[in-house]
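File shown: structure_23.json (JSON, C-alpha atoms).
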```
[["chain", "number", "residue", "atom", "x", "y", "z"],
["F", 1, "MET", "CA", 90.69, 113.72, 59.58],
["F", 2, "PRO", "CA", 91.31, 110.30, 57.97],
["F", 3, "GLY", "CA", 92.52, 107.72, 60.48],
["F", 4, "ARG", "CA", 91.61, 109.83, 63.48],
["F", 5, "ARG", "CA", 89.86, 107.96, 66.29],
["F", 6, "ALA", "CA", 87.21, 109.53, 68.47],
["F", 7, "GLN", "CA", 88.06, 110.26, 72.10],
["F", 8, "VAL", "CA", 85.79, 108.68, 74.71],
["F", 9, "GLY", "CA", 85.92, 108.82, 78.47],
["F", 10, "VAL", "CA", 84.35, 107.48, 81.61],
["F", 11, "LEU", "CA", 84.10, 108.84, 85.12],
["F", 12, "ASP", "CA", 84.19, 105.85, 87.45],
["F", 13, "VAL", "CA", 82.79, 106.90, 90.85],
["F", 14, "GLY", "CA", 83.74, 104.09, 93.20],
["F", 15, "CYS", "CA", 84.22, 103.52, 96.87],
["F", 16, "PHE", "CA", 87.79, 104.78, 97.13],
["F", 17, "SER", "CA", 88.03, 107.29, 94.30],
["F", 18, "ALA", "CA", 86.43, 109.06, 91.36],
["F", 19, "HIS", "CA", 88.56, 108.20, 88.34],
["F", 20, "LEU", "CA", 88.33, 109.99, 85.00],
["F", 21, "VAL", "CA", 89.88, 108.05, 82.10],
["F", 22, "VAL", "CA", 89.86, 109.26, 78.49],
["F", 23, "VAL", "CA", 91.17, 107.19, 75.58],
["F", 24, "ASP", "CA", 91.35, 107.47, 71.81],
["F", 25, "GLY", "CA", 92.18, 103.84, 71.24],
["F", 26, "SER", "CA", 93.26, 101.14, 73.68],
["F", 27, "PRO", "CA", 92.44, 101.61, 77.38],
["F", 28, "SER", "CA", 96.07, 100.65, 78.02],
["F", 29, "ARG", "CA", 97.16, 104.08, 76.79],
["F", 30, "PRO", "CA", 94.82, 106.74, 78.20],
["F", 31, "VAL", "CA", 95.28, 110.27, 76.92],
["F", 32, "LEU", "CA", 93.94, 111.60, 80.22],
["F", 33, "SER", "CA", 93.70, 110.06, 83.67],
["F", 34, "HIS", "CA", 92.71, 111.91, 86.82],
["F", 35, "LYS", "CA", 91.85, 110.39, 90.18],
["F", 36, "THR", "CA", 90.22, 112.07, 93.19],
["F", 37, "ARG", "CA", 90.25, 110.23, 96.51],
["F", 38, "LEU", "CA", 86.79, 109.66, 98.08],
["F", 39, "ARG", "CA", 86.98, 106.96, 100.79],
["F", 40, "LEU", "CA", 83.21, 106.46, 100.83],
["F", 41, "ASP", "CA", 83.79, 103.32, 102.89],
["F", 42, "ARG", "CA", 84.28, 105.70, 105.82],
["F", 43, "LEU", "CA", 81.20, 107.73, 104.93],
["F", 44, "LEU", "CA", 78.48, 105.10, 105.19],
["F", 45, "ASP", "CA", 76.15, 104.84, 108.16],
["F", 46, "ARG", "CA", 75.29, 101.51, 109.79],
["F", 47, "HIS", "CA", 72.54, 100.98, 107.19],
["F", 48, "ASN", "CA", 75.01, 101.56, 104.31],
["F", 49, "ARG", "CA", 73.48, 104.92, 103.47],
["F", 50, "VAL", "CA", 75.91, 107.51, 102.08],
["F", 51, "VAL", "CA", 76.09, 110.27, 104.69],
["F", 52, "PRO", "CA", 75.96, 114.00, 103.70],
["F", 53, "GLU", "CA", 79.75, 114.36, 103.90],
["F", 54, "GLY", "CA", 80.05, 111.53, 101.39],
["F", 55, "VAL", "CA", 77.65, 113.25, 99.01],
["F", 56, "ASP", "CA", 79.68, 116.47, 99.35],
["F", 57, "LYS", "CA", 82.85, 114.56, 98.42],
["F", 58, "VAL", "CA", 81.23, 113.08, 95.33],
["F", 59, "VAL", "CA", 79.92, 116.50, 94.30],
["F", 60, "ALA", "CA", 83.38, 118.06, 94.71],
["F", 61, "ALA", "CA", 85.02, 115.24, 92.71],
["F", 62, "VAL", "CA", 82.49, 115.50, 89.86],
["F", 63, "ARG", "CA", 82.92, 119.28, 89.70],
["F", 64, "ALA", "CA", 86.72, 118.92, 89.57],
["F", 65, "VAL", "CA", 86.50, 116.35, 86.80],
["F", 66, "ARG", "CA", 84.16, 118.53, 84.74],
["F", 67, "VAL", "CA", 86.64, 121.40, 84.93],
["F", 68, "ILE", "CA", 89.52, 119.14, 83.85],
["F", 69, "ALA", "CA", 87.54, 117.57, 81.02],
["F", 70, "GLU", "CA", 86.36, 120.93, 79.69],
["F", 71, "ARG", "CA", 89.90, 122.34, 79.90],
["F", 72, "GLU", "CA", 91.20, 119.42, 77.85],
["F", 73, "GLY", "CA", 88.38, 119.69, 75.33],
["F", 74, "VAL", "CA", 86.85, 116.33, 76.27],
["F", 75, "THR", "CA", 83.07, 116.39, 75.86],
["F", 76, "ASP", "CA", 82.11, 112.70, 75.59],
["F", 77, "VAL", "CA", 82.36, 111.36, 79.16],
["F", 78, "VAL", "CA", 80.04, 108.73, 80.62],
["F", 79, "PRO", "CA", 79.76, 109.00, 84.42],
["F", 80, "PHE", "CA", 78.84, 105.89, 86.37],
["F", 81, "ALA", "CA", 78.73, 104.86, 90.02],
["F", 82, "THR", "CA", 79.65, 101.44, 91.35],
["F", 83, "SER", "CA", 77.99, 99.38, 94.06],
["F", 84, "VAL", "CA", 78.84, 101.66, 97.00],
["F", 85, "ILE", "CA", 76.29, 104.15, 95.62],
["F", 86, "ARG", "CA", 74.18, 101.78, 93.52],
["F", 87, "ASP", "CA", 73.33, 99.53, 96.47],
["F", 88, "ALA", "CA", 72.98, 102.28, 99.08],
["F", 89, "PRO", "CA", 69.41, 102.59, 100.42],
["F", 90, "ASN", "CA", 69.54, 106.31, 99.58],
["F", 91, "ALA", "CA", 71.08, 105.85, 96.10],
["F", 92, "ASP", "CA", 68.31, 107.81, 94.33],
["F", 93, "GLU", "CA", 68.75, 110.73, 96.74],
["F", 94, "VAL", "CA", 72.53, 110.75, 96.26],
["F", 95, "ILE", "CA", 72.27, 110.68, 92.47],
["F", 96, "ALA", "CA", 69.61, 113.41, 92.47],
["F", 97, "GLU", "CA", 71.68, 115.65, 94.76],
["F", 98, "VAL", "CA", 74.83, 115.19, 92.65],
["F", 99, "ALA", "CA", 72.82, 116.03, 89.52],
["F", 100, "ARG", "CA", 71.27, 119.12, 91.13],
["F", 101, "ARG", "CA", 74.63, 120.50, 92.26],
["F", 102, "THR", "CA", 76.81, 119.54, 89.29],
["F", 103, "GLY", "CA", 74.54, 118.97, 86.29],
["F", 104, "THR", "CA", 75.98, 115.46, 85.95],
["F", 105, "VAL", "CA", 73.69, 112.45, 86.24],
["F", 106, "LEU", "CA", 75.55, 109.39, 87.48],
["F", 107, "ARG", "CA", 74.54, 106.15, 85.80],
["F", 108, "VAL", "CA", 74.33, 102.99, 87.83],
["F", 109, "LEU", "CA", 75.18, 99.72, 86.14],
["F", 110, "PRO", "CA", 73.30, 96.63, 87.35],
["F", 111, "GLY", "CA", 75.57, 93.90, 88.69],
["F", 112, "HIS", "CA", 75.00, 91.65, 85.69],
["F", 113, "GLU", "CA", 76.03, 94.53, 83.39],
["F", 114, "GLU", "CA", 79.24, 95.03, 85.37],
["F", 115, "ALA", "CA", 79.90, 91.30, 84.94],
["F", 116, "ARG", "CA", 79.27, 91.53, 81.20],
["F", 117, "LEU", "CA", 81.61, 94.49, 80.79],
["F", 118, "ALA", "CA", 84.34, 92.77, 82.81],
["F", 119, "TYR", "CA", 84.02, 89.82, 80.43],
["F", 120, "VAL", "CA", 84.24, 92.14, 77.41],
["F", 121, "ALA", "CA", 87.42, 93.66, 78.86],
["F", 122, "ALA", "CA", 88.98, 90.26, 79.57],
["F", 123, "ARG", "CA", 88.05, 88.93, 76.13],
["F", 124, "HIS", "CA", 89.78, 91.88, 74.45],
["F", 125, "TRP", "CA", 92.80, 91.56, 76.72],
["F", 126, "PHE", "CA", 93.38, 87.83, 76.17],
["F", 127, "GLY", "CA", 92.20, 87.79, 72.56],
["F", 128, "TRP", "CA", 89.54, 86.03, 70.54],
["F", 129, "GLY", "CA", 91.56, 82.80, 70.38],
["F", 130, "ALA", "CA", 91.82, 82.39, 74.15],
["F", 131, "GLY", "CA", 88.99, 79.85, 74.26],
["F", 132, "PRO", "CA", 86.20, 79.74, 76.85],
["F", 133, "LEU", "CA", 86.72, 82.31, 79.61],
["F", 134, "LEU", "CA", 85.53, 82.33, 83.21],
["F", 135, "VAL", "CA", 85.87, 85.89, 84.52],
["F", 136, "LEU", "CA", 85.94, 86.53, 88.28],
["F", 137, "ASP", "CA", 85.78, 90.06, 89.68],
["F", 138, "VAL", "CA", 85.81, 90.71, 93.44],
["F", 139, "GLY", "CA", 84.70, 94.25, 94.19],
["F", 140, "GLY", "CA", 83.94, 96.03, 97.41],
["F", 141, "GLY", "CA", 80.18, 95.58, 97.37],
["F", 142, "THR", "CA", 79.63, 92.67, 95.03],
["F", 143, "VAL", "CA", 81.32, 89.80, 93.21],
["F", 144, "GLU", "CA", 80.81, 89.46, 89.46],
["F", 145, "VAL", "CA", 81.11, 86.20, 87.54],
["F", 146, "ALA", "CA", 80.82, 85.80, 83.77],
["F", 147, "ALA", "CA", 81.52, 82.96, 81.36],
["F", 148, "GLY", "CA", 81.45, 82.46, 77.63],
["F", 149, "ASP", "CA", 83.26, 81.42, 74.47],
["F", 150, "GLY", "CA", 82.68, 84.43, 72.23],
["F", 151, "GLY", "CA", 82.55, 88.21, 72.24],
["F", 152, "THR", "CA", 79.74, 88.30, 74.79],
["F", 153, "PRO", "CA", 79.23, 86.06, 77.82],
["F", 154, "THR", "CA", 76.58, 83.37, 77.89],
["F", 155, "LEU", "CA", 76.28, 83.70, 81.67],
["F", 156, "THR", "CA", 76.59, 86.61, 84.10],
["F", 157, "ARG", "CA", 76.08, 86.72, 87.87],
["F", 158, "SER", "CA", 76.41, 89.38, 90.55],
["F", 159, "LEU", "CA", 76.66, 88.23, 94.16],
["F", 160, "PRO", "CA", 76.36, 90.45, 97.28],
["F", 161, "LEU", "CA", 79.64, 89.05, 98.63],
["F", 162, "GLY", "CA", 82.13, 91.84, 98.03],
["F", 163, "ALA", "CA", 85.09, 92.45, 100.32],
["F", 164, "ARG", "CA", 83.62, 95.59, 101.90],
["F", 165, "THR", "CA", 80.19, 93.97, 102.29],
["F", 166, "LEU", "CA", 81.56, 90.97, 104.17],
["F", 167, "THR", "CA", 83.86, 93.10, 106.31],
["F", 168, "ARG", "CA", 81.03, 95.39, 107.42],
["F", 169, "ARG", "CA", 78.86, 92.36, 108.18],
["F", 170, "LEU", "CA", 81.73, 90.76, 110.13],
["F", 171, "VAL", "CA", 81.64, 87.71, 107.85],
["F", 172, "VAL", "CA", 85.30, 86.66, 107.84],
["F", 173, "ASP", "CA", 84.93, 82.97, 108.67],
["F", 174, "ARG", "CA", 86.57, 80.83, 106.01],
["F", 175, "ASP", "CA", 83.98, 78.04, 105.98],
["F", 176, "GLU", "CA", 81.03, 80.42, 106.02],
["F", 177, "VAL", "CA", 82.37, 82.42, 103.06],
["F", 178, "LEU", "CA", 83.04, 79.20, 101.11],
["F", 179, "GLU", "CA", 79.53, 77.91, 101.74],
["F", 180, "ARG", "CA", 77.96, 81.22, 100.71],
["F", 181, "VAL", "CA", 79.94, 81.30, 97.47],
["F", 182, "ARG", "CA", 79.22, 77.64, 96.70],
["F", 183, "ALA", "CA", 75.50, 78.12, 97.28],
["F", 184, "ALA", "CA", 75.45, 81.24, 95.10],
["F", 185, "LEU", "CA", 77.27, 79.47, 92.25],
["F", 186, "ASP", "CA", 75.40, 76.15, 92.31],
["F", 187, "ASP", "CA", 73.50, 76.87, 89.11],
["F", 188, "VAL", "CA", 76.56, 78.40, 87.43],
["F", 189, "VAL", "CA", 78.56, 75.21, 87.96],
["F", 190, "VAL", "CA", 75.76, 73.17, 86.40],
["F", 191, "ASP", "CA", 75.18, 75.54, 83.47],
["F", 192, "VAL", "CA", 78.70, 76.24, 82.22],
["F", 193, "SER", "CA", 81.13, 73.69, 83.75],
["F", 194, "PRO", "CA", 83.59, 76.41, 84.86],
["F", 195, "ALA", "CA", 86.50, 73.96, 85.21],
["F", 196, "ASP", "CA", 86.52, 73.73, 81.40],
["F", 197, "HIS", "CA", 87.06, 77.49, 81.08],
["F", 198, "ARG", "CA", 90.23, 79.53, 81.31],
["F", 199, "ALA", "CA", 89.99, 81.32, 84.65],
["F", 200, "VAL", "CA", 90.65, 85.05, 84.52],
["F", 201, "ALA", "CA", 90.63, 87.34, 87.55],
["F", 202, "CYS", "CA", 89.87, 91.05, 87.29],
["F", 203, "SER", "CA", 89.81, 93.75, 89.98],
["F", 204, "LYS", "CA", 92.24, 95.33, 92.42],
["F", 205, "VAL", "CA", 91.53, 92.59, 94.96],
["F", 206, "PHE", "CA", 92.97, 89.88, 92.73],
["F", 207, "GLN", "CA", 95.84, 92.09, 91.57],
["F", 208, "GLN", "CA", 96.89, 92.82, 95.15],
["F", 209, "LEU", "CA", 96.56, 89.18, 96.18],
["F", 210, "ALA", "CA", 98.79, 88.14, 93.29],
["F", 211, "ARG", "CA", 101.40, 90.65, 94.43],
["F", 212, "LEU", "CA", 101.05, 89.49, 98.05],
["F", 213, "THR", "CA", 101.68, 85.88, 97.09],
["F", 214, "GLY", "CA", 104.83, 86.62, 95.11],
["F", 215, "ALA", "CA", 103.93, 87.99, 91.68],
["F", 216, "ARG", "CA", 106.23, 90.68, 90.35],
["F", 217, "PRO", "CA", 105.02, 94.28, 90.75],
["F", 218, "GLN", "CA", 103.67, 95.98, 87.67],
["F", 219, "HIS", "CA", 105.65, 99.10, 86.84],
["F", 220, "GLU", "CA", 105.65, 101.36, 83.82],
["F", 221, "GLY", "CA", 106.63, 99.53, 80.66],
["F", 222, "PRO", "CA", 105.58, 96.23, 79.08],
["F", 223, "TYR", "CA", 102.91, 94.33, 80.96],
["F", 224, "VAL", "CA", 104.20, 91.48, 83.10],
["F", 225, "PRO", "CA", 101.84, 88.46, 83.00],
["F", 226, "ARG", "CA", 100.78, 87.50, 86.51],
["F", 227, "SER", "CA", 98.71, 84.78, 88.12],
["F", 228, "LEU", "CA", 97.39, 83.74, 91.53],
["F", 229, "ARG", "CA", 97.79, 80.17, 92.75],
["F", 230, "LEU", "CA", 95.29, 78.67, 95.20],
["F", 231, "ASP", "CA", 98.01, 77.01, 97.30],
["F", 232, "ASP", "CA", 99.83, 80.32, 97.72],
["F", 233, "LEU", "CA", 96.61, 82.12, 98.63],
["F", 234, "ARG", "CA", 95.75, 79.48, 101.23],
["F", 235, "HIS", "CA", 99.18, 80.00, 102.77],
["F", 236, "TRP", "CA", 98.52, 83.71, 103.20],
["F", 237, "VAL", "CA", 94.90, 83.71, 104.42],
["F", 238, "PRO", "CA", 95.75, 82.66, 108.02],
["F", 239, "ARG", "CA", 98.56, 85.21, 108.09],
["F", 240, "LEU", "CA", 96.19, 87.99, 107.04],
["F", 241, "ALA", "CA", 93.76, 86.88, 109.76],
["F", 242, "ARG", "CA", 96.47, 87.17, 112.42],
["F", 243, "VAL", "CA", 97.68, 90.61, 111.41],
["F", 244, "PRO", "CA", 95.74, 93.71, 112.52],
["F", 245, "ALA", "CA", 94.36, 95.72, 109.61],
["F", 246, "PRO", "CA", 96.79, 98.69, 109.98],
["F", 247, "LYS", "CA", 99.78, 96.34, 109.75],
["F", 248, "ARG", "CA", 98.45, 94.57, 106.65],
["F", 249, "ALA", "CA", 99.23, 97.71, 104.67],
["F", 250, "ARG", "CA", 102.93, 96.95, 105.22],
["F", 251, "LEU", "CA", 102.59, 93.66, 103.34],
["F", 252, "PRO", "CA", 103.48, 93.44, 99.63],
["F", 253, "GLY", "CA", 100.62, 94.56, 97.41],
["F", 254, "ILE", "CA", 98.16, 95.54, 100.16],
["F", 255, "SER", "CA", 97.30, 99.23, 99.87],
["F", 256, "ARG", "CA", 96.54, 101.23, 102.99],
["F", 257, "HIS", "CA", 92.94, 102.03, 102.06],
["F", 258, "ARG", "CA", 92.15, 98.37, 101.23],
["F", 259, "ALA", "CA", 93.92, 96.86, 104.23],
["F", 260, "GLU", "CA", 90.83, 96.51, 106.44],
["F", 261, "GLN", "CA", 88.89, 94.52, 103.85],
["F", 262, "SER", "CA", 91.89, 92.57, 102.51],
["F", 263, "LEU", "CA", 91.11, 89.47, 104.59],
["F", 264, "ALA", "CA", 87.54, 89.28, 103.32],
["F", 265, "GLY", "CA", 88.80, 89.83, 99.77],
["F", 266, "ALA", "CA", 91.24, 86.95, 100.14],
["F", 267, "LEU", "CA", 88.54, 84.67, 101.54],
["F", 268, "VAL", "CA", 86.16, 85.42, 98.69],
["F", 269, "ALA", "CA", 88.89, 84.94, 96.10],
["F", 270, "GLU", "CA", 89.81, 81.59, 97.64],
["F", 271, "ALA", "CA", 86.16, 80.51, 97.77],
["F", 272, "LEU", "CA", 85.63, 81.46, 94.11],
["F", 273, "MET", "CA", 88.63, 79.41, 93.02],
["F", 274, "VAL", "CA", 87.49, 76.40, 95.07],
["F", 275, "ALA", "CA", 83.86, 76.64, 93.92],
["F", 276, "THR", "CA", 84.86, 76.86, 90.25],
["F", 277, "ASP", "CA", 87.56, 74.17, 90.56],
["F", 278, "HIS", "CA", 90.54, 76.31, 89.54],
["F", 279, "ASP", "CA", 93.98, 76.05, 91.15],
["F", 280, "VAL", "CA", 95.30, 79.05, 89.19],
["F", 281, "VAL", "CA", 93.72, 82.23, 87.86],
["F", 282, "GLU", "CA", 95.38, 84.59, 85.40],
["F", 283, "ILE", "CA", 95.31, 88.26, 86.32],
["F", 284, "CYS", "CA", 93.67, 90.64, 83.86],
["F", 285, "PRO", "CA", 94.48, 94.33, 84.44],
["F", 286, "TRP", "CA", 91.23, 95.39, 82.76],
["F", 287, "SER", "CA", 87.74, 95.19, 84.21],
["F", 288, "THR", "CA", 84.35, 96.95, 84.02],
["F", 289, "ARG", "CA", 85.72, 100.43, 83.35],
["F", 290, "GLU", "CA", 87.86, 99.23, 80.45],
["F", 291, "GLY", "CA", 85.00, 97.14, 79.08],
["F", 292, "LEU", "CA", 82.82, 100.26, 79.00],
["F", 293, "LEU", "CA", 85.60, 102.27, 77.34],
["F", 294, "LEU", "CA", 86.00, 99.59, 74.67],
["F", 295, "GLU", "CA", 82.29, 99.59, 73.87],
["F", 296, "LEU", "CA", 82.06, 103.39, 73.85],
["F", 297, "GLY", "CA", 85.08, 103.54, 71.57],
["F", 298, "ALA", "CA", 83.55, 101.04, 69.15],
["F", 299, "GLN", "CA", 80.30, 103.02, 69.08],
["F", 300, "ALA", "CA", 82.16, 106.29, 68.52],
["F", 301, "ASP", "CA", 84.25, 104.80, 65.72],
["F", 302, "ASP", "CA", 81.11, 103.49, 64.03],
["F", 303, "GLU", "CA", 79.50, 106.92, 64.25],
["F", 304, "TYR", "CA", 82.64, 108.61, 62.93],
["F", 305, "SER", "CA", 82.78, 106.20, 60.01],
["F", 306, "ARG", "CA", 79.18, 106.98, 59.07],
["F", 307, "VAL", "CA", 79.72, 110.75, 58.97],
["F", 308, "ALA", "CA", 83.29, 110.78, 57.59]]
```
This structure in structure tokens:
Amino acid sequence: MPGRRAQVGVLDVGCFSAHLVVVDGSPSRPVLSHKTRLRLDRLLDRHNRVVPEGVDKVVAAVRAVRVIAEREGVTDVVPFATSVIRDAPNADEVIAEVARRTGTVLRVLPGHEEARLAYVAARHWFGWGAGPLLVLDVGGGTVEVAAGDGGTPTLTRSLPLGARTLTRRLVVDRDEVLERVRAALDDVVVDVSPADHRAVACSKVFQQLARLTGARPQHEGPYVPRSLRLDDLRHWVPRLARVPAPKRARLPGISRHRAEQSLAGALVAEALMVATDHDVVEICPWSTREGLLLELGAQADDEYSRVA
């Protein structure tokens, strides 16, 4: 049909949930969204291997998503797993078992590819005239950094300094986290001069920190621009450190399932802002998943145009 856009979807298997999103245009307006809670952070052994119960949960979630997708007539879904599975010592076994029991092969995106896709998402969100962008994405397992002045980044980095990673390693000392981030970004600072870029923050960690420090909540309706100020974040870090994890969930913006790792997330976010010399970062509601949806949509539209 003339003017009809192809539907594309992704199944994002992360630490806390498996999230199916299908769009036929902008990721801001999905035609289908279904989330299944996983809580794989509770289903890792001391070596970060996904235990059998965790594999069972992933299998059940993938099966449920396949039923929903087939019922809705959605056939073009790309399944991918984030760092909780990608970086697990038994990742190959988990992926093979999920494939054997569901027929679905989970892709794993390298960290630098996650950084690139987060940049693609931020570039589309802020527009082509936004100037040079520095994109910061604090995940559970890793931190992604990307920078550039065009449609694709000129630099991408993935650092093993995610909020869950540091929490499990008991690395919640402010100075230690800052030194680790500075050391990891030494070459980035030299290569791209991040202070000359517009700082953009993706991920739930940054969104929740912005809400914690006073940004308005995002409800249904027009998007409300939000930002995170370094001074405000520094005010809250000691308060998070003093509050036991269960009570952090009562604070604005801190969800119950992210409460335990919220201190580490705040420390990494602060260290990233200090290391890149930014007092303010603008919050982007899109990240890796939306970047992948945008690229899949562009590919599908190109294919449709060729056969139409």
Separation of CA of Pro194 (chain F) and CA of Glu144 (chain F), in Å?
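Going from CA of Pro194 (chain F) over to CA of Glu144 (chain F), I get 14.1 Å.
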So that all listed atoms of region 81-95 of chain F fit with 8 Å spare on each side, what axis-aligned box centre and edge lengths in Å, to one decimal, would you give as AutoDock Vina command-line options?
```
--center_x 74.0 --center_y 105.1 --center_z 95.2 --size_x 27.3 --size_y 27.4 --size_z 26.4
```
Would you list the contacts of region 169-181 of chain F as a PyMOL selection string, taking every protein, DNA or RNA residue within 12 Å and counting only C-alpha atoms, but skipping same-chain residues closer than 2 positions in sequence?
chain F and resi 46-48+138+141-145+157-167+183-189+234+237-238+240-241+260-276
Nearest to Ala130 (chain F) among F:Leu212, F:Val200, F:Leu43, F:Leu294, with distances taken over only C-alpha atoms: which residue is it?
F:Val200
Here is a test: counting only C-alpha atoms, which residue of F:Val22, F:Val59, F:Leu251, F:Leu134 is nearest to Gly103 (chain F)?
F:Val59
Residue nearest Pro27 (chain F) - candidates F:Gln7, F:Leu40, F:Val58, F:Ala64, atoms counted: only C-alpha atoms:
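Closest to Pro27 (chain F), using only C-alpha atoms: F:Gln7.
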Reconstruct region 127-134 of chain F at the level of all heavy atoms, and format the result as an mmCIF file, keeping the file's coordinate frame.
```cif
data_model
loop_
_atom_site.group_PDB
_atom_site.id
_atom_site.type_symbol
_atom_site.label_atom_id
_atom_site.label_comp_id
_atom_site.auth_asym_id
_atom_site.auth_seq_id
_atom_site.Cartn_x
_atom_site.Cartn_y
_atom_site.Cartn_z
ATOM 1 N N GLY F 127 92.327 88.069 73.982
ATOM 2 C CA GLY F 127 92.200 87.790 72.560
ATOM 3 C C GLY F 127 91.078 86.821 72.250
ATOM 4 O O GLY F 127 90.597 86.065 73.095
ATOM 5 N N TRP F 128 90.688 86.826 70.971
ATOM 6 C CA TRP F 128 89.540 86.030 70.540
ATOM 7 C C TRP F 128 89.885 84.541 70.463
ATOM 8 O O TRP F 128 88.995 83.699 70.444
ATOM 9 C CB TRP F 128 89.053 86.534 69.182
ATOM 10 C CG TRP F 128 88.723 87.988 69.247
ATOM 11 C CD1 TRP F 128 89.448 89.025 68.734
ATOM 12 C CD2 TRP F 128 87.618 88.591 69.922
ATOM 13 N NE1 TRP F 128 88.856 90.230 69.037
ATOM 14 C CE2 TRP F 128 87.737 89.997 69.763
ATOM 15 C CE3 TRP F 128 86.535 88.090 70.652
ATOM 16 C CZ2 TRP F 128 86.816 90.890 70.299
ATOM 17 C CZ3 TRP F 128 85.613 88.984 71.181
ATOM 18 C CH2 TRP F 128 85.761 90.359 71.000
ATOM 19 N N GLY F 129 91.177 84.208 70.440
ATOM 20 C CA GLY F 129 91.560 82.800 70.380
ATOM 21 C C GLY F 129 91.858 82.193 71.729
ATOM 22 O O GLY F 129 92.416 81.082 71.804
ATOM 23 N N ALA F 130 91.491 82.870 72.806
ATOM 24 C CA ALA F 130 91.820 82.390 74.150
ATOM 25 C C ALA F 130 90.931 81.241 74.611
ATOM 26 O O ALA F 130 91.191 80.633 75.654
ATOM 27 C CB ALA F 130 91.728 83.536 75.156
ATOM 28 N N GLY F 131 89.877 80.935 73.857
ATOM 29 C CA GLY F 131 88.990 79.850 74.260
ATOM 30 C C GLY F 131 87.960 80.313 75.282
ATOM 31 O O GLY F 131 87.832 81.512 75.566
ATOM 32 N N PRO F 132 87.222 79.382 75.862
ATOM 33 C CA PRO F 132 86.200 79.740 76.850
ATOM 34 C C PRO F 132 86.822 80.443 78.064
ATOM 35 O O PRO F 132 87.832 79.987 78.597
ATOM 36 C CB PRO F 132 85.590 78.394 77.246
ATOM 37 C CG PRO F 132 85.934 77.471 76.133
ATOM 38 C CD PRO F 132 87.252 77.921 75.608
ATOM 39 N N LEU F 133 86.211 81.547 78.477
ATOM 40 C CA LEU F 133 86.720 82.310 79.610
ATOM 41 C C LEU F 133 85.728 82.274 80.776
ATOM 42 O O LEU F 133 84.515 82.389 80.584
ATOM 43 C CB LEU F 133 86.949 83.769 79.229
ATOM 44 C CG LEU F 133 88.059 84.103 78.238
ATOM 45 C CD1 LEU F 133 88.155 85.623 78.067
ATOM 46 C CD2 LEU F 133 89.394 83.531 78.680
ATOM 47 N N LEU F 134 86.275 82.133 81.978
ATOM 48 C CA LEU F 134 85.530 82.330 83.210
ATOM 49 C C LEU F 134 86.135 83.551 83.883
ATOM 50 O O LEU F 134 87.305 83.541 84.261
ATOM 51 C CB LEU F 134 85.649 81.116 84.132
ATOM 52 C CG LEU F 134 85.054 81.291 85.542
ATOM 53 C CD1 LEU F 134 83.529 81.339 85.483
ATOM 54 C CD2 LEU F 134 85.524 80.178 86.464
#
```
